[in-house]
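Q: For reference, the structure I am asking about is given below.
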Amino acid sequence: MATQTVPATLHRFDTETYNRIVASGALDGQPVELIDGLLVEHMSPQSPEHAALIARLTRHLAGARGWLCVQLPLEVPPDSEPEPDLALVEQEPSPKQHVRSALLAVEVSVSTHKLDRGAKATLYARAGVPIYWVVDATSKAVEVYTRPDEGSYRRSVVYRPGARLPSPAPGVDDLEIATLFAGIGD
């Protein structure tokens with residue numbers, strides 16, 4: 001007698017439903033974020049390299065005009081709420097609703113390259129984030145995506161040691177790529 005395989009049923013959420021679930025406490029301590037309507041496990045324990053890169057970038061971006069958000073949700077209606085490692089937003093975040101766009105979104109990528117270059121890039125472009133950085137710890141490079149248009153970025157440039165990453169916002173200096181990655185992967 002043959003056994004039948006029943007396909008798994010996926011339940012998609014919109015941001016409103018997801019935020020109600022979060023407010024209920026049902027996801028407390030769960031390392032998930034909402035990507036394209038699905039709960040996606042997003043946090044593996046941070047390696048020292050990942051943490052060091054976030055700390056260096058936080059210090060570098062701290063003087064920007066605006067608000068620097070560290071690992072906080074960015075709501076992309078109707079069905080996504082990624083949590084970029086860093087986001088620079090124009091106005092103070094509201095206690096009533098997550099921010100819906102940013103001047104800059106940054107993902108530090110150690111083991112999440114496919115997600116960061118794929119679904120997250122699409123979401124940040126859809127949210128109108130004008131500059132998106134993927135900080136690739138493995139290759140010691142920063143991929144800069146600009147010109148968001150209809151859910152994708154029209155331009156990308158890769159900066160490697162020896163290059164200077166241009167300032168993303170007033171109050172922020174250019175960044176020496178070699179300095180950012182000093183000691184990483186050694």
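Going by the structure tokens order, chains are called A, B, ..., each with residues numbered from 1, while ligands are numbered from 1 in the order shown.
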Residues of segment 57-159 of chain A in strand (DSSP E) according to DSSP, as a VMD selection string?
A: chain A and resid 67 to 70 86 to 89 104 to 109 131 to 136 141 to 149 152 to 159
Q: Contacts of segment 108-123 of chain A at 10 Å or less, counting only C-alpha atoms, minus same-chain residues fewer than 3 places along, as a VMD selection string?
A: chain A and resid 35 to 36 42 to 44 46 to 47 49 to 51 53 to 54 57 74 to 77 79 to 86 105 126 to 129 132 to 139 142 to 143 145 148 to 153
Q: Got a sec: who's within 8 Å of Pro93 of chain A, counting only C-alpha atoms, leaving out chain neighbours fewer than 5 positions off, as a ChimeraX atom specification?
A: /A:67,98-99
Q: Keeping N, CA and C atoms for every residue in the selection just given, could you write it to a file as a CSV table (one decimal), in the first residue's frame?
A:
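Result file is again.csv:
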```csv
chain,number,residue,atom,x,y,z
A,67,TRP,N,18.3,59.4,12.4
A,67,TRP,CA,18.2,58.5,13.5
A,67,TRP,C,18.8,57.1,13.0
A,98,HIS,N,6.1,51.0,13.0
A,98,HIS,CA,7.5,50.9,12.6
A,98,HIS,C,7.8,51.8,11.4
A,99,VAL,N,9.0,52.2,11.2
A,99,VAL,CA,9.4,53.0,10.1
A,99,VAL,C,9.1,52.2,8.8
```
Q: Report as a PyMOL selection string: the residues of segment 12-110 of chain A with a DSSP assignment of alpha helix (DSSP H), based on the backbone of this structure.
A: chain A and resi 15-24+48-61
Q: Write a file of the just-selected residues containing N, CA, C and O atoms, as a compact mmCIF listing (two decimals), in the first residue's frame.
A:
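Full text of selection_35.txt as output:
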```txt
# COMPACT_ATOMS: atom_id res chain seq x y z
N THR A 15 1.44 42.51 7.34
CA THR A 15 2.15 43.17 8.43
C THR A 15 1.24 43.45 9.62
O THR A 15 1.67 43.37 10.77
N GLU A 16 -0.02 43.76 9.36
CA GLU A 16 -0.96 44.04 10.45
C GLU A 16 -1.15 42.81 11.34
O GLU A 16 -1.07 42.89 12.58
N THR A 17 -1.37 41.65 10.74
CA THR A 17 -1.54 40.41 11.50
C THR A 17 -0.25 40.06 12.24
O THR A 17 -0.26 39.69 13.41
N TYR A 18 0.87 40.17 11.54
CA TYR A 18 2.17 39.88 12.15
C TYR A 18 2.40 40.76 13.38
O TYR A 18 2.80 40.28 14.44
N ASN A 19 2.11 42.06 13.26
CA ASN A 19 2.32 42.97 14.39
C ASN A 19 1.40 42.65 15.56
O ASN A 19 1.77 42.82 16.72
N ARG A 20 0.18 42.15 15.28
CA ARG A 20 -0.71 41.73 16.36
C ARG A 20 -0.13 40.50 17.07
O ARG A 20 -0.19 40.39 18.30
N ILE A 21 0.42 39.57 16.30
CA ILE A 21 1.04 38.38 16.90
C ILE A 21 2.24 38.80 17.76
O ILE A 21 2.41 38.31 18.89
N VAL A 22 3.06 39.70 17.25
CA VAL A 22 4.21 40.19 18.01
C VAL A 22 3.74 40.86 19.30
O VAL A 22 4.27 40.60 20.38
N ALA A 23 2.71 41.72 19.21
CA ALA A 23 2.19 42.42 20.39
C ALA A 23 1.62 41.46 21.43
O ALA A 23 1.66 41.74 22.63
N SER A 24 1.12 40.31 20.98
CA SER A 24 0.56 39.34 21.93
C SER A 24 1.63 38.64 22.75
O SER A 24 1.34 38.01 23.76
N PRO A 48 31.82 36.84 16.26
CA PRO A 48 32.54 38.05 16.66
C PRO A 48 32.78 38.98 15.46
O PRO A 48 32.73 40.21 15.62
N GLU A 49 33.00 38.43 14.26
CA GLU A 49 33.22 39.27 13.08
C GLU A 49 31.96 40.06 12.74
O GLU A 49 32.02 41.25 12.44
N HIS A 50 30.81 39.41 12.78
CA HIS A 50 29.53 40.07 12.50
C HIS A 50 29.32 41.21 13.50
O HIS A 50 29.00 42.34 13.12
N ALA A 51 29.51 40.92 14.77
CA ALA A 51 29.32 41.92 15.82
C ALA A 51 30.30 43.08 15.66
O ALA A 51 29.92 44.25 15.83
N ALA A 52 31.56 42.78 15.33
CA ALA A 52 32.56 43.84 15.16
C ALA A 52 32.19 44.75 14.00
O ALA A 52 32.32 45.98 14.10
N LEU A 53 31.73 44.17 12.90
CA LEU A 53 31.35 44.99 11.75
C LEU A 53 30.15 45.88 12.08
O LEU A 53 30.13 47.06 11.71
N ILE A 54 29.18 45.35 12.80
CA ILE A 54 28.03 46.18 13.20
C ILE A 54 28.50 47.31 14.12
O ILE A 54 28.09 48.47 13.97
N ALA A 55 29.37 47.00 15.07
CA ALA A 55 29.87 48.03 15.99
C ALA A 55 30.64 49.12 15.23
O ALA A 55 30.45 50.32 15.49
N ARG A 56 31.50 48.71 14.31
CA ARG A 56 32.27 49.69 13.53
C ARG A 56 31.35 50.56 12.68
O ARG A 56 31.53 51.78 12.60
N LEU A 57 30.38 49.95 12.04
CA LEU A 57 29.45 50.72 11.21
C LEU A 57 28.57 51.64 12.06
O LEU A 57 28.28 52.77 11.66
N THR A 58 28.16 51.16 13.23
CA THR A 58 27.36 52.00 14.13
C THR A 58 28.14 53.25 14.52
O THR A 58 27.63 54.37 14.47
N ARG A 59 29.39 53.05 14.89
CA ARG A 59 30.23 54.19 15.28
C ARG A 59 30.42 55.13 14.09
O ARG A 59 30.36 56.35 14.23
N HIS A 60 30.65 54.57 12.90
CA HIS A 60 30.89 55.39 11.72
C HIS A 60 29.65 56.21 11.34
O HIS A 60 29.77 57.37 10.95
N LEU A 61 28.48 55.61 11.45
CA LEU A 61 27.25 56.28 11.03
C LEU A 61 26.61 57.15 12.12
O LEU A 61 25.65 57.86 11.85
```
Q: For Leu103 of chain A, please output as a PyMOL selection string all residues within 7 Å (counting only C-alpha atoms; exclusion window: fewer than 4 positions along the same chain).
A: chain A and resi 88-90+129-131
Q: Go ahead and save the residues from that selection, with all heavy atoms, as a PDB file, in the first residue's frame.
A:
```
ATOM      1  N   LEU A  88      19.393  53.972   8.640  1.00  0.00           N
ATOM      2  CA  LEU A  88      19.438  55.394   8.931  1.00  0.00           C
ATOM      3  C   LEU A  88      18.119  55.973   8.444  1.00  0.00           C
ATOM      4  O   LEU A  88      17.794  55.869   7.252  1.00  0.00           O
ATOM      5  CB  LEU A  88      20.618  56.039   8.210  1.00  0.00           C
ATOM      6  CG  LEU A  88      20.861  57.516   8.455  1.00  0.00           C
ATOM      7  CD1 LEU A  88      21.084  57.804   9.932  1.00  0.00           C
ATOM      8  CD2 LEU A  88      22.053  57.985   7.637  1.00  0.00           C
ATOM      9  N   VAL A  89      17.329  56.533   9.376  1.00  0.00           N
ATOM     10  CA  VAL A  89      16.023  57.076   9.023  1.00  0.00           C
ATOM     11  C   VAL A  89      16.009  58.576   9.268  1.00  0.00           C
ATOM     12  O   VAL A  89      16.744  59.093  10.103  1.00  0.00           O
ATOM     13  CB  VAL A  89      14.866  56.374   9.779  1.00  0.00           C
ATOM     14  CG1 VAL A  89      14.840  54.890   9.440  1.00  0.00           C
ATOM     15  CG2 VAL A  89      14.958  56.567  11.265  1.00  0.00           C
ATOM     16  N   GLU A  90      15.155  59.248   8.509  1.00  0.00           N
ATOM     17  CA  GLU A  90      15.110  60.704   8.552  1.00  0.00           C
ATOM     18  C   GLU A  90      14.530  61.248   9.858  1.00  0.00           C
ATOM     19  O   GLU A  90      15.041  62.205  10.421  1.00  0.00           O
ATOM     20  CB  GLU A  90      14.276  61.213   7.373  1.00  0.00           C
ATOM     21  CG  GLU A  90      14.877  62.408   6.723  1.00  0.00           C
ATOM     22  CD  GLU A  90      14.200  62.718   5.401  1.00  0.00           C
ATOM     23  OE1 GLU A  90      13.503  61.878   4.830  1.00  0.00           O
ATOM     24  OE2 GLU A  90      14.385  63.854   4.961  1.00  0.00           O
ATOM     25  N   VAL A 129      14.100  52.638  -0.292  1.00  0.00           N
ATOM     26  CA  VAL A 129      15.365  52.937   0.382  1.00  0.00           C
ATOM     27  C   VAL A 129      16.390  53.257  -0.712  1.00  0.00           C
ATOM     28  O   VAL A 129      16.718  52.382  -1.519  1.00  0.00           O
ATOM     29  CB  VAL A 129      15.833  51.744   1.254  1.00  0.00           C
ATOM     30  CG1 VAL A 129      17.197  52.024   1.856  1.00  0.00           C
ATOM     31  CG2 VAL A 129      14.800  51.441   2.328  1.00  0.00           C
ATOM     32  N   PRO A 130      16.899  54.507  -0.744  1.00  0.00           N
ATOM     33  CA  PRO A 130      17.756  54.902  -1.867  1.00  0.00           C
ATOM     34  C   PRO A 130      19.142  54.259  -1.884  1.00  0.00           C
ATOM     35  O   PRO A 130      19.748  54.133  -2.946  1.00  0.00           O
ATOM     36  CB  PRO A 130      17.862  56.417  -1.736  1.00  0.00           C
ATOM     37  CG  PRO A 130      17.539  56.709  -0.316  1.00  0.00           C
ATOM     38  CD  PRO A 130      16.608  55.627   0.145  1.00  0.00           C
ATOM     39  N   ILE A 131      19.637  53.855  -0.704  1.00  0.00           N
ATOM     40  CA  ILE A 131      20.963  53.236  -0.637  1.00  0.00           C
ATOM     41  C   ILE A 131      20.878  52.002   0.251  1.00  0.00           C
ATOM     42  O   ILE A 131      20.407  52.067   1.392  1.00  0.00           O
ATOM     43  CB  ILE A 131      22.025  54.196  -0.056  1.00  0.00           C
ATOM     44  CG1 ILE A 131      22.064  55.505  -0.847  1.00  0.00           C
ATOM     45  CG2 ILE A 131      23.405  53.539  -0.047  1.00  0.00           C
ATOM     46  CD1 ILE A 131      22.920  56.590  -0.194  1.00  0.00           C
TER      47      ILE A 131
END
```
Q: Using only C-alpha atoms, determine which residues lie at most 7 Å from segment 160-176 of chain A, disregarding the query and same-chain residues fewer than 6 positions distant; provide the list as a PyMOL selection string.
A: chain A and resi 61+63-65+140-142
Q: Got time to write the residues from that selection, all heavy atoms, as a PDB file, in the first residue's frame?
A:
```pdb
ATOM      1  N   LEU A  61      28.483  55.612  11.450  1.00  0.00           N
ATOM      2  CA  LEU A  61      27.250  56.284  11.028  1.00  0.00           C
ATOM      3  C   LEU A  61      26.610  57.146  12.118  1.00  0.00           C
ATOM      4  O   LEU A  61      25.651  57.859  11.847  1.00  0.00           O
ATOM      5  CB  LEU A  61      26.239  55.241  10.543  1.00  0.00           C
ATOM      6  CG  LEU A  61      26.637  54.460   9.292  1.00  0.00           C
ATOM      7  CD1 LEU A  61      25.697  53.272   9.071  1.00  0.00           C
ATOM      8  CD2 LEU A  61      26.669  55.367   8.074  1.00  0.00           C
ATOM      9  N   GLY A  63      27.265  59.894  13.526  1.00  0.00           N
ATOM     10  CA  GLY A  63      27.206  61.349  13.361  1.00  0.00           C
ATOM     11  C   GLY A  63      26.238  61.812  12.283  1.00  0.00           C
ATOM     12  O   GLY A  63      26.102  63.011  12.044  1.00  0.00           O
ATOM     13  N   ALA A  64      25.555  60.883  11.649  1.00  0.00           N
ATOM     14  CA  ALA A  64      24.641  61.249  10.559  1.00  0.00           C
ATOM     15  C   ALA A  64      23.482  62.081  11.064  1.00  0.00           C
ATOM     16  O   ALA A  64      23.017  61.909  12.195  1.00  0.00           O
ATOM     17  CB  ALA A  64      24.105  59.989   9.886  1.00  0.00           C
ATOM     18  N   ARG A  65      23.014  62.963  10.205  1.00  0.00           N
ATOM     19  CA  ARG A  65      21.780  63.689  10.514  1.00  0.00           C
ATOM     20  C   ARG A  65      20.646  62.708  10.308  1.00  0.00           C
ATOM     21  O   ARG A  65      20.456  62.189   9.212  1.00  0.00           O
ATOM     22  CB  ARG A  65      21.633  64.890   9.602  1.00  0.00           C
ATOM     23  CG  ARG A  65      22.704  65.915   9.869  1.00  0.00           C
ATOM     24  CD  ARG A  65      22.434  67.205   9.122  1.00  0.00           C
ATOM     25  NE  ARG A  65      23.682  67.958   9.111  1.00  0.00           N
ATOM     26  CZ  ARG A  65      24.273  68.405   8.036  1.00  0.00           C
ATOM     27  NH1 ARG A  65      23.709  68.239   6.860  1.00  0.00           N
ATOM     28  NH2 ARG A  65      25.416  69.040   8.110  1.00  0.00           N
ATOM     29  N   LYS A 140      35.226  40.491   2.157  1.00  0.00           N
ATOM     30  CA  LYS A 140      35.721  41.803   2.590  1.00  0.00           C
ATOM     31  C   LYS A 140      35.379  42.883   1.557  1.00  0.00           C
ATOM     32  O   LYS A 140      36.245  43.586   1.049  1.00  0.00           O
ATOM     33  CB  LYS A 140      37.226  41.772   2.852  1.00  0.00           C
ATOM     34  CG  LYS A 140      37.634  40.868   3.984  1.00  0.00           C
ATOM     35  CD  LYS A 140      39.121  40.978   4.240  1.00  0.00           C
ATOM     36  CE  LYS A 140      39.530  40.051   5.369  1.00  0.00           C
ATOM     37  NZ  LYS A 140      40.954  40.171   5.675  1.00  0.00           N
ATOM     38  N   ALA A 141      34.109  42.976   1.263  1.00  0.00           N
ATOM     39  CA  ALA A 141      33.635  43.948   0.284  1.00  0.00           C
ATOM     40  C   ALA A 141      32.295  44.521   0.735  1.00  0.00           C
ATOM     41  O   ALA A 141      31.565  43.883   1.501  1.00  0.00           O
ATOM     42  CB  ALA A 141      33.478  43.289  -1.085  1.00  0.00           C
ATOM     43  N   VAL A 142      31.996  45.717   0.268  1.00  0.00           N
ATOM     44  CA  VAL A 142      30.691  46.326   0.506  1.00  0.00           C
ATOM     45  C   VAL A 142      30.035  46.519  -0.853  1.00  0.00           C
ATOM     46  O   VAL A 142      30.580  47.185  -1.732  1.00  0.00           O
ATOM     47  CB  VAL A 142      30.800  47.672   1.250  1.00  0.00           C
ATOM     48  CG1 VAL A 142      29.414  48.298   1.438  1.00  0.00           C
ATOM     49  CG2 VAL A 142      31.489  47.498   2.604  1.00  0.00           C
TER      50      VAL A 142
END
```
Q: For atom CA of Ile177 of chain A and atom CA of Leu72 of chain A, quote the distance in Å rounded to one decimal.
A: 24.8 Å
Q: For a quick check of understanding, using only C-alpha atoms, which of A:Gln71, A:Glu107, A:Thr146, A:Ala87 has the smallest distance to Pro31 of chain A?
A: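 Closest to Pro31 of chain A of all the choices is A:Gln71.
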Q: Figure out the distance between atom CA of Tyr159 of chain A and atom CA of Thr179 of chain A, please, to one decimal in Å.
A: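 One can read the atom CA of Thr179 of chain A to atom CA of Tyr159 of chain A distance as 12.4 Å.
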Q: Have a look at atom CA of Leu34 of chain A and atom CA of Pro95 of chain A and let me know their distance in Å, one decimal.
A: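 Straight-line distance from atom CA of Leu34 of chain A to atom CA of Pro95 of chain A works out to 19.4 Å.
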